[in-house]
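S.K.: Got query-v3.tsv for you, TSV, C-alpha atoms:
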chain	number	residue	atom	x	y	z
A	102	MET	CA	28.14	-15.62	26.52
A	103	GLN	CA	24.74	-14.05	27.02
A	104	PRO	CA	22.64	-13.74	23.86
A	105	LEU	CA	21.09	-10.46	22.83
A	106	VAL	CA	17.52	-10.86	21.62
A	107	TYR	CA	16.81	-8.85	18.50
A	108	CYS	CA	13.11	-8.60	17.65
A	109	ILE	CA	11.83	-7.83	14.19
A	110	ARG	CA	8.17	-7.01	13.56
A	111	SER	CA	6.41	-6.92	10.22
A	112	TYR	CA	4.83	-3.49	9.73
A	113	PHE	CA	1.73	-3.73	7.54
A	114	PHE	CA	3.46	-5.23	4.54
A	115	ILE	CA	3.76	-8.78	3.25
A	116	LEU	CA	4.91	-10.37	6.50
A	117	ALA	CA	2.60	-10.50	9.44
A	118	PHE	CA	4.20	-11.94	12.53
A	119	LEU	CA	7.12	-11.63	14.89
A	120	ILE	CA	10.60	-12.97	14.24
A	121	ALA	CA	13.39	-12.83	16.82
A	122	ILE	CA	17.06	-13.12	15.97
A	123	LEU	CA	19.43	-14.04	18.77
A	124	PHE	CA	23.14	-13.48	18.48
A	125	THR	CA	26.09	-13.10	20.78
A	126	THR	CA	27.55	-9.71	21.58
A	127	SER	CA	31.20	-10.71	21.26
A	128	GLY	CA	33.44	-9.77	18.38
A	129	TYR	CA	35.25	-12.24	16.14
A	130	ALA	CA	38.84	-12.21	14.89
A	131	GLN	CA	39.16	-8.61	16.06
A	132	GLN	CA	36.10	-7.64	14.07
A	133	ASN	CA	33.19	-5.95	15.75
A	134	LYS	CA	29.46	-6.31	15.33
A	135	TYR	CA	27.45	-3.30	14.10
A	136	HIS	CA	23.70	-2.89	13.79
A	137	PHE	CA	22.00	-0.30	11.58
A	138	SER	CA	18.31	0.36	11.04
A	139	ALA	CA	16.43	2.75	8.76
A	140	PRO	CA	12.80	3.04	7.65
A	141	LYS	CA	12.63	1.54	4.17
A	142	MET	CA	9.72	0.18	2.13
A	143	GLY	CA	7.19	0.82	4.86
A	144	SER	CA	9.02	-0.91	7.70
A	145	PRO	CA	12.42	-0.88	9.44
A	146	PHE	CA	15.23	-2.34	7.38
A	147	ASN	CA	17.86	-3.81	9.70
A	148	LEU	CA	21.48	-4.63	8.95
A	149	VAL	CA	23.84	-6.61	11.17
A	150	LEU	CA	27.45	-6.96	10.07
A	151	TRP	CA	30.91	-7.73	11.42
A	152	VAL	CA	33.73	-5.46	10.21
A	153	ASP	CA	36.94	-3.96	11.54
A	154	ASP	CA	35.77	-0.52	12.63
A	155	SER	CA	32.82	1.86	12.85
A	156	VAL	CA	33.94	3.98	9.90
A	157	SER	CA	33.91	1.08	7.45
A	158	ALA	CA	30.67	-0.19	9.03
A	159	LYS	CA	28.96	3.15	8.39
A	160	ASN	CA	30.25	3.22	4.82
A	161	HIS	CA	28.92	-0.27	4.15
A	162	ALA	CA	25.55	0.59	5.69
A	163	ALA	CA	25.27	3.81	3.68
A	164	ALA	CA	25.96	1.89	0.46
A	165	CYS	CA	23.30	-0.68	1.39
A	166	PHE	CA	20.64	1.90	2.18
A	167	GLN	CA	21.42	3.74	-1.05
A	168	LEU	CA	20.97	0.46	-2.95
A	169	ILE	CA	17.66	-0.17	-1.19
A	170	ASP	CA	16.38	3.27	-2.18
A	171	SER	CA	17.40	2.79	-5.80
A	172	LEU	CA	15.72	-0.64	-5.98
A	173	ASN	CA	12.61	0.61	-4.24
A	174	HIS	CA	12.39	3.35	-6.87
A	175	ILE	CA	12.17	0.58	-9.45
A	176	PHE	CA	9.75	-1.82	-7.76
A	177	SER	CA	7.48	0.20	-5.47
A	178	ASN	CA	3.83	0.74	-6.33
A	179	TYR	CA	3.68	3.35	-3.57
A	180	ASP	CA	6.16	5.55	-5.47
A	181	SER	CA	4.25	7.26	-8.28
A	182	ALA	CA	7.54	7.91	-10.10
A	183	SER	CA	8.79	4.31	-9.92
A	184	GLU	CA	9.35	2.12	-12.95
A	185	LEU	CA	6.60	-0.22	-11.78
A	186	SER	CA	4.13	2.65	-11.49
A	187	TYR	CA	5.00	3.73	-15.03
A	188	ILE	CA	4.35	0.21	-16.33
A	189	ASN	CA	0.97	0.19	-14.56
A	190	HIS	CA	0.07	3.65	-15.87
A	191	GLN	CA	0.70	2.43	-19.43
A	192	ALA	CA	-1.72	-0.49	-19.10
A	193	GLY	CA	-3.94	-0.62	-22.17
A	194	ILE	CA	-1.80	2.02	-23.89
A	195	GLN	CA	1.59	0.71	-24.93
A	196	SER	CA	4.33	-1.86	-24.41
A	197	ILE	CA	7.15	-0.80	-22.08
A	198	LEU	CA	10.85	-1.62	-22.31
A	199	VAL	CA	11.95	-2.45	-18.79
A	200	SER	CA	15.26	-2.19	-16.97
A	201	PRO	CA	17.47	-5.29	-16.50
A	202	LEU	CA	16.63	-5.53	-12.80
A	203	MET	CA	12.91	-5.16	-13.45
A	204	TRP	CA	13.10	-7.84	-16.12
A	205	GLU	CA	14.96	-10.15	-13.74
A	206	LEU	CA	12.33	-9.76	-11.03
A	207	LEU	CA	9.47	-10.13	-13.50
A	208	GLN	CA	10.94	-13.37	-14.81
A	209	MET	CA	11.29	-14.66	-11.25
A	210	SER	CA	7.66	-13.71	-10.69
A	211	LYS	CA	6.60	-15.46	-13.88
A	212	LYS	CA	8.35	-18.63	-12.76
A	213	ALA	CA	6.76	-18.34	-9.31
A	214	TYR	CA	3.30	-18.05	-10.89
A	215	HIS	CA	3.75	-21.29	-12.82
A	216	GLU	CA	5.53	-23.16	-10.01
A	217	SER	CA	2.77	-22.23	-7.55
A	218	LYS	CA	-0.02	-23.07	-10.02
A	219	GLY	CA	-1.21	-19.49	-9.89
A	220	ALA	CA	-1.23	-19.07	-6.10
A	221	PHE	CA	1.46	-16.38	-6.46
A	222	ASN	CA	0.31	-13.78	-8.98
A	223	ILE	CA	1.85	-10.33	-9.42
A	224	ALA	CA	-1.10	-9.32	-11.64
A	225	MET	CA	-3.27	-9.05	-8.51
A	226	GLY	CA	-2.54	-5.31	-8.20
A	227	PRO	CA	-6.15	-4.14	-8.67
A	228	ILE	CA	-7.38	-6.49	-5.95
A	229	THR	CA	-4.55	-5.78	-3.49
A	230	SER	CA	-5.22	-2.05	-3.91
A	231	LEU	CA	-8.93	-2.64	-3.23
A	232	TRP	CA	-8.24	-4.56	-0.03
A	233	ARG	CA	-5.53	-2.13	1.10
A	234	ASN	CA	-8.06	0.71	0.87
A	235	ALA	CA	-10.64	-1.44	2.66
A	236	ARG	CA	-8.30	-2.04	5.60
A	237	HIS	CA	-7.40	1.64	5.71
A	238	GLU	CA	-11.03	2.77	5.61
A	239	LYS	CA	-12.22	-0.20	7.72
A	240	LYS	CA	-14.93	-0.84	5.16
A	241	PHE	CA	-15.40	-4.35	3.76
A	242	PRO	CA	-15.41	-4.36	-0.08
A	243	THR	CA	-18.56	-5.37	-1.90
A	244	SER	CA	-18.71	-8.61	-3.88
A	245	SER	CA	-19.41	-6.64	-7.07
A	246	ALA	CA	-16.28	-4.53	-6.57
A	247	ILE	CA	-14.18	-7.66	-6.01
A	248	LYS	CA	-15.59	-9.34	-9.14
A	249	LYS	CA	-14.93	-6.20	-11.21
A	250	GLN	CA	-11.30	-5.92	-10.11
A	251	LEU	CA	-10.67	-9.64	-10.38
A	252	LYS	CA	-11.32	-9.46	-14.12
A	253	LEU	CA	-8.18	-7.32	-14.40
A	254	CYS	CA	-5.96	-9.81	-12.53
A	255	HIS	CA	-5.39	-12.56	-15.09
A	256	PHE	CA	-1.66	-13.25	-15.29
A	257	GLN	CA	-2.15	-14.95	-18.65
A	258	ASP	CA	-3.17	-11.58	-20.14
A	259	ILE	CA	0.32	-10.15	-19.65
A	260	GLN	CA	2.23	-9.96	-22.94
A	261	TRP	CA	5.97	-10.62	-22.81
A	262	ASP	CA	8.64	-9.81	-25.38
A	263	SER	CA	11.69	-11.80	-24.35
A	264	MET	CA	13.79	-10.52	-27.22
A	265	HIS	CA	13.41	-6.85	-26.33
A	266	HIS	CA	12.67	-7.26	-22.61
A	267	SER	CA	9.39	-5.44	-22.85
A	268	ILE	CA	6.02	-6.00	-21.20
A	269	TYR	CA	2.49	-4.99	-22.09
A	270	LEU	CA	-0.57	-4.95	-19.84
A	271	PRO	CA	-3.36	-5.04	-22.44
A	272	LEU	CA	-6.29	-3.99	-20.25
A	273	LYS	CA	-6.76	-0.49	-18.88
A	274	GLY	CA	-6.67	-0.75	-15.10
A	275	MET	CA	-4.31	-3.73	-14.89
A	276	GLN	CA	-1.63	-3.34	-12.22
A	277	LEU	CA	1.40	-5.34	-11.23
A	278	ASP	CA	2.23	-5.67	-7.54
A	279	VAL	CA	5.59	-7.27	-6.67
A	280	GLY	CA	5.18	-6.82	-2.92
A	281	GLY	CA	5.14	-10.58	-2.38
A	282	ILE	CA	8.61	-11.05	-3.83
A	283	GLY	CA	10.32	-7.65	-3.94
A	284	LYS	CA	11.46	-7.29	-0.34
A	285	GLY	CA	13.14	-10.68	-0.31
A	286	TYR	CA	14.75	-9.88	-3.64
A	287	ILE	CA	16.08	-6.58	-2.32
A	288	ALA	CA	17.40	-8.15	0.90
A	289	GLN	CA	19.31	-10.67	-1.23
A	290	LYS	CA	20.81	-7.85	-3.30
A	291	VAL	CA	21.96	-6.17	-0.10
A	292	ILE	CA	23.78	-9.29	1.07
A	293	ALA	CA	25.35	-9.65	-2.39
A	294	LEU	CA	26.56	-6.05	-2.19
A	295	LEU	CA	28.11	-6.59	1.24
A	296	GLN	CA	29.85	-9.74	0.04
A	297	SER	CA	31.24	-7.85	-2.95
A	298	ARG	CA	32.64	-5.31	-0.48
A	299	GLY	CA	34.38	-8.03	1.51
A	300	VAL	CA	31.90	-8.34	4.37
A	301	LYS	CA	31.81	-12.03	5.22
A	302	TYR	CA	29.33	-12.04	8.10
A	303	ALA	CA	26.07	-10.16	7.61
A	304	LEU	CA	22.30	-10.28	7.91
A	305	ALA	CA	19.72	-8.16	6.09
A	306	ASP	CA	16.18	-7.93	7.40
A	307	ALA	CA	13.65	-6.26	5.11
A	308	GLY	CA	10.84	-5.93	7.63
A	309	GLY	CA	10.81	-9.67	8.28
A	310	ASP	CA	12.20	-11.00	4.99
A	311	ILE	CA	15.60	-12.10	6.22
A	312	VAL	CA	18.67	-13.00	4.17
A	313	MET	CA	21.85	-14.04	5.91
A	314	SER	CA	25.39	-14.96	4.95
A	315	GLN	CA	27.73	-16.82	7.28
A	316	VAL	CA	27.70	-16.34	11.01
A	317	PRO	CA	31.05	-15.85	12.79
A	318	PRO	CA	32.48	-18.85	14.67
A	319	PRO	CA	32.08	-20.43	17.13
A	320	GLN	CA	28.36	-20.02	16.45
A	321	GLN	CA	26.72	-22.57	14.17
A	322	GLY	CA	24.08	-20.26	12.71
A	323	TRP	CA	21.88	-17.24	13.16
A	324	LYS	CA	19.25	-18.00	15.79
A	325	VAL	CA	15.74	-17.26	14.56
A	326	GLY	CA	12.61	-17.56	16.71
A	327	ILE	CA	9.10	-18.10	15.32
A	328	ASN	CA	6.02	-16.69	16.96
A	329	ILE	CA	3.02	-18.71	18.07
A	330	PRO	CA	0.05	-18.40	15.68
A	331	GLU	CA	-2.24	-15.46	16.44
A	332	LYS	CA	0.29	-14.13	18.97
A	333	SER	CA	2.53	-11.16	18.30
A	334	ASP	CA	5.04	-11.68	21.11
A	335	ASP	CA	5.00	-15.34	22.20
A	336	LEU	CA	7.53	-17.59	20.51
A	337	LEU	CA	7.62	-21.31	19.86
A	338	PRO	CA	10.03	-23.07	22.25
A	339	GLN	CA	12.24	-24.28	19.38
A	340	VAL	CA	14.76	-21.91	17.82
A	341	LEU	CA	16.06	-22.11	14.25
A	342	SER	CA	19.81	-22.06	13.56
A	343	ILE	CA	20.54	-20.93	10.00
A	344	GLN	CA	23.26	-19.44	7.82
A	345	ASN	CA	23.69	-18.79	4.09
A	346	LYS	CA	19.91	-19.01	3.69
A	347	SER	CA	16.82	-16.84	3.65
A	348	VAL	CA	13.81	-16.96	5.98
A	349	ALA	CA	10.44	-15.45	5.18
A	350	THR	CA	7.23	-15.55	7.16
A	351	SER	CA	3.59	-14.82	6.61
A	352	GLY	CA	0.49	-14.63	8.78
A	353	ASP	CA	-2.31	-12.29	9.80
A	354	VAL	CA	-1.41	-10.98	13.25
A	355	TYR	CA	-1.14	-7.38	12.00
A	356	GLN	CA	-2.70	-7.10	8.55
A	357	PHE	CA	-6.30	-8.21	8.31
A	358	ILE	CA	-9.87	-6.99	8.17
A	359	GLU	CA	-12.68	-8.58	10.15
A	360	HIS	CA	-16.20	-8.89	8.76
A	361	LYS	CA	-19.15	-10.68	10.38
A	362	GLY	CA	-16.83	-12.46	12.76
A	363	VAL	CA	-14.45	-13.71	10.04
A	364	LYS	CA	-10.86	-12.51	9.81
A	365	TYR	CA	-9.64	-11.92	6.24
A	366	SER	CA	-5.86	-11.81	5.79
A	367	HIS	CA	-3.99	-9.29	3.65
A	368	ILE	CA	-2.92	-12.25	1.49
A	369	ILE	CA	-5.43	-12.57	-1.34
A	370	ASP	CA	-6.46	-15.83	-2.95
A	371	PRO	CA	-6.22	-15.20	-6.73
A	372	GLN	CA	-9.05	-17.66	-7.34
A	373	THR	CA	-11.62	-15.84	-5.21
A	374	GLY	CA	-10.32	-12.28	-4.81
A	375	TYR	CA	-10.84	-12.52	-1.04
A	376	GLY	CA	-8.26	-12.53	1.72
A	377	VAL	CA	-7.49	-16.02	3.01
A	378	THR	CA	-9.35	-16.95	6.19
A	379	ALA	CA	-7.25	-19.93	7.32
A	380	LEU	CA	-5.47	-18.69	10.45
A	381	ARG	CA	-2.07	-20.20	9.74
A	382	ASN	CA	1.46	-18.96	10.13
A	383	VAL	CA	3.92	-19.90	7.41
A	384	THR	CA	7.71	-19.97	7.74
A	385	VAL	CA	9.91	-20.72	4.72
A	386	ILE	CA	13.63	-21.43	4.62
A	387	ALA	CA	15.01	-21.09	1.08
A	388	ASN	CA	18.28	-20.57	-0.74
A	389	ASP	CA	17.51	-16.95	-1.72
A	390	GLY	CA	15.33	-14.11	-0.53
A	391	ALA	CA	13.01	-13.84	-3.52
A	392	THR	CA	12.13	-17.54	-3.41
A	393	ALA	CA	11.49	-17.50	0.33
A	394	ASP	CA	9.32	-14.40	-0.08
A	395	TRP	CA	6.99	-15.70	-2.79
A	396	LEU	CA	6.78	-19.15	-1.24
A	397	ALA	CA	5.58	-17.63	2.05
A	398	THR	CA	2.73	-16.00	0.14
A	399	ALA	CA	1.85	-18.99	-2.05
A	400	CYS	CA	1.99	-21.47	0.84
A	401	SER	CA	-0.44	-19.29	2.79
A	402	ILE	CA	-2.99	-19.85	0.01
A	403	LEU	CA	-2.43	-23.42	-1.15
A	404	PRO	CA	-3.79	-26.45	0.70
A	405	ILE	CA	-1.15	-27.70	3.13
A	406	GLN	CA	-0.09	-30.78	1.18
A	407	GLU	CA	0.19	-28.81	-2.06
A	408	ALA	CA	2.16	-26.11	-0.25
A	409	LYS	CA	4.64	-28.72	0.97
A	410	LEU	CA	5.07	-30.07	-2.56
A	411	VAL	CA	5.68	-26.60	-4.00
A	412	ALA	CA	8.24	-25.80	-1.28
A	413	ALA	CA	10.04	-29.09	-1.94
A	414	SER	CA	10.15	-28.32	-5.66
A	415	GLN	CA	12.13	-25.17	-4.80
A	416	GLN	CA	14.54	-27.00	-2.47
A	417	ALA	CA	12.96	-25.05	0.39
A	418	GLU	CA	11.71	-26.09	3.81
A	419	LEU	CA	8.29	-25.13	5.11
A	420	LEU	CA	6.62	-24.94	8.51
A	421	ILE	CA	2.89	-24.23	8.84
A	422	THR	CA	1.48	-23.70	12.33
A	423	TYR	CA	-2.07	-23.02	13.46
A	424	MET	CA	-4.16	-23.13	16.62
A	425	TYR	CA	-6.61	-25.97	17.24
A	426	GLN	CA	-8.60	-26.20	20.47
A	427	GLY	CA	-6.12	-23.94	22.19
A	428	LYS	CA	-3.03	-25.90	21.12
A	429	VAL	CA	-0.40	-25.24	18.47
A	430	LYS	CA	-0.58	-27.68	15.58
A	431	ARG	CA	2.18	-27.94	13.01
A	432	ASN	CA	2.83	-29.34	9.57
A	433	ALA	CA	6.30	-29.25	8.06
A	434	THR	CA	8.43	-30.56	5.24
A	435	LYS	CA	10.78	-33.38	6.17
A	436	GLY	CA	13.91	-31.27	6.38
A	437	PHE	CA	12.57	-28.36	8.40
A	438	ASP	CA	13.21	-29.80	11.86
A	439	ALA	CA	16.92	-30.17	11.04
A	440	TYR	CA	17.17	-26.38	11.45
A	441	PHE	CA	15.81	-26.47	14.99
A	442	LYS	CA	18.54	-26.35	17.62
Kindly return the structure encoded in the file as structure tokens.

M.R.:
Amino acid sequence: MQPLVYCIRSYFFILAFLIAILFTTSGYAQQNKYHFSAPKMGSPFNLVLWVDDSVSAKNHAAACFQLIDSLNHIFSNYDSASELSYINHQAGIQSILVSPLMWELLQMSKKAYHESKGAFNIAMGPITSLWRNARHEKKFPTSSAIKKQLKLCHFQDIQWDSMHHSIYLPLKGMQLDVGGIGKGYIAQKVIALLQSRGVKYALADAGGDIVMSQVPPPQQGWKVGINIPEKSDDLLPQVLSIQNKSVATSGDVYQFIEHKGVKYSHIIDPQTGYGVTALRNVTVIANDGATADWLATACSILPIQEAKLVAASQQAELLITYMYQGKVKRNATKGFDAYFK
């Protein structure tokens, strides 16, 4: 059987390098493979699923895309009418009762902040907005502007009411940004929806945050390729084989700003307020999409040994690659290579 190579690019969002998914074109147990794609959350959202016929496939896909839209309307800071935007607009004004799904994601984010020792911080909204505008305008932000915005990014300032599921941002100008966890969370919800509808074999790709269920026999897993650091199209020779997991990646091939010969990534170090300058690619394999998503961000910021410890604490596997004297260097957790086939 000849494999079909399915390439997924990250489009100016959290992920920043190429992933390729290889899968066979044959059907299984009289089911057929269907692929759907739609622009969602700033990048293509891809679905691959095996079902009996095209009618049911289209119905499943429509339900998934409707779910994505509804979740995006909760979590997007690009949507001025979203629940997240309302929370941000009420900073320094009042406490906000949040929806169950928002509370769930915020609690995941709170855990991620503590587990990563602050490397993952959803309170970085003022800084991420500053750098997003800088990349758009191609104008490097001033140190005074960074210092001013960084004062509004202290996670410890957030006030939580666990009894009523409310949140208060006490300083005017504070902003939450769940971009480093939201897409993986949404991809996981899509797979859960498909499973509830009886779809056993499926993959959801939220612009590079990938969540997958089982793969149909006789295959042993979804085949996932990882790009070479600083290259958008060249892949490492090894290929991952994964199922019932999530894969998330991070790097700076697409999203960065260059200043005085230094490349600053779109991933911001909460300690400094500047984009990270270490040219590394990070690949995370985790049990769920949200965890893989935030780990990919945190492990792009933390020193390599600390990143490996944090990944291990989440029962996740981590691969960090970078270029040194023209050669690819790698650092991985002990269990990562078991996924290479």

S.K.: Nearest residue to Ile188 (chain A) out of A:Pro271, A:Gly283, A:Gly299, A:Gly143, using all atoms listed in the file?

M.R.: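 Distance minimum relative to Ile188 (chain A) lands on A:Pro271.
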
S.K.: Considering all atoms listed in the file, give me a table of residues in region 249-274 of chain A that are at most 10 Å from region 199-204 of chain A, with the closest atom pair and distance in Å for each, as CSV.

M.R.:
residue,atom,partner,partner_atom,distance
A:Ser263,CA,A:Trp204,CA,9.2
A:His265,CA,A:Val199,CA,8.9
A:His266,CA,A:Val199,CA,6.2
A:Ser267,CA,A:Val199,CA,5.7
A:Ile268,CA,A:Val199,CA,7.3

S.K.: With distances taken over all atoms listed in the file, which residue among A:Arg381, A:Lys249, A:Lys240, A:Lys364 lies nearest Thr350 (chain A)?

M.R.: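 So, comparing all the options, the nearest one is A:Arg381.
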
S.K.: For Leu148 (chain A), which residue among A:Thr243, A:Gln415, A:Asn222, A:Ser314 is the nearest when counting all atoms listed in the file?

M.R.: A:Ser314

S.K.: Determine, counting all atoms listed in the file, which protein, DNA and RNA residues have an atom within 7 Å of an atom of Leu419 (chain A); residues of the same chain fewer than 4 positions away are not included. Present the result as a PyMOL selection string.

M.R.: chain A and resi 384-386+409+412+433-434+437

S.K.: Please identify all polymer residues within 8 Å of region 366-374 of chain A, counting all atoms listed in the file, omitting same-chain residues fewer than 3 positions from it, and present them as a list in words.

M.R.: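 So the residues in contact are Ile115, Gly219, Ala220, Phe221, Asn222, Met225, Ile228, Thr229, Trp232, Arg233, Ile247, Lys248, Leu251, Cys254, Gly352, Asp353, Gln356, Phe357, Ile358, Val377, Thr378, Thr398, Ser401 and Ile402 of chain A.
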
S.K.: Measuring atom to atom with all atoms listed in the file, identify which of A:Ile282, A:Val325, A:Ala303, A:Ala379 is nearest to Leu403 (chain A).

M.R.: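 The closest residue to Leu403 (chain A) is A:Ala379.
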
S.K.: Given all atoms listed in the file as the basis, pick out the residue of A:Ile175, A:Gln260, A:Gln339, A:Ala417 nearest to Lys324 (chain A).

M.R.: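 Of A:Ile175, A:Gln260, A:Gln339, A:Ala417, the one nearest Lys324 (chain A) is A:Gln339, counting all atoms listed in the file.
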
S.K.: Neighbouring residues of Pro338 (chain A) were defined as those with any atom within 12 Å, considering only C-alpha atoms; residues of the same chain fewer than 5 positions away were excluded. Please report them as a list in words.

M.R.: Val325, Gly326, Ile327, Asn328, Ile329, Val429, Phe441 and Lys442 of chain A

S.K.: Given all atoms listed in the file as the basis, pick out the residue of A:Ala246, A:Ile421, A:Cys165, A:Val300 nearest to Asp153 (chain A).

M.R.: A:Val300

S.K.: Could you tell me how far CA of Gly427 (chain A) lies from CA of Ala413 (chain A), in Å and to one decimal?

M.R.: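 Atom-to-atom, CA of Gly427 (chain A) to CA of Ala413 (chain A), that is 29.5 Å.
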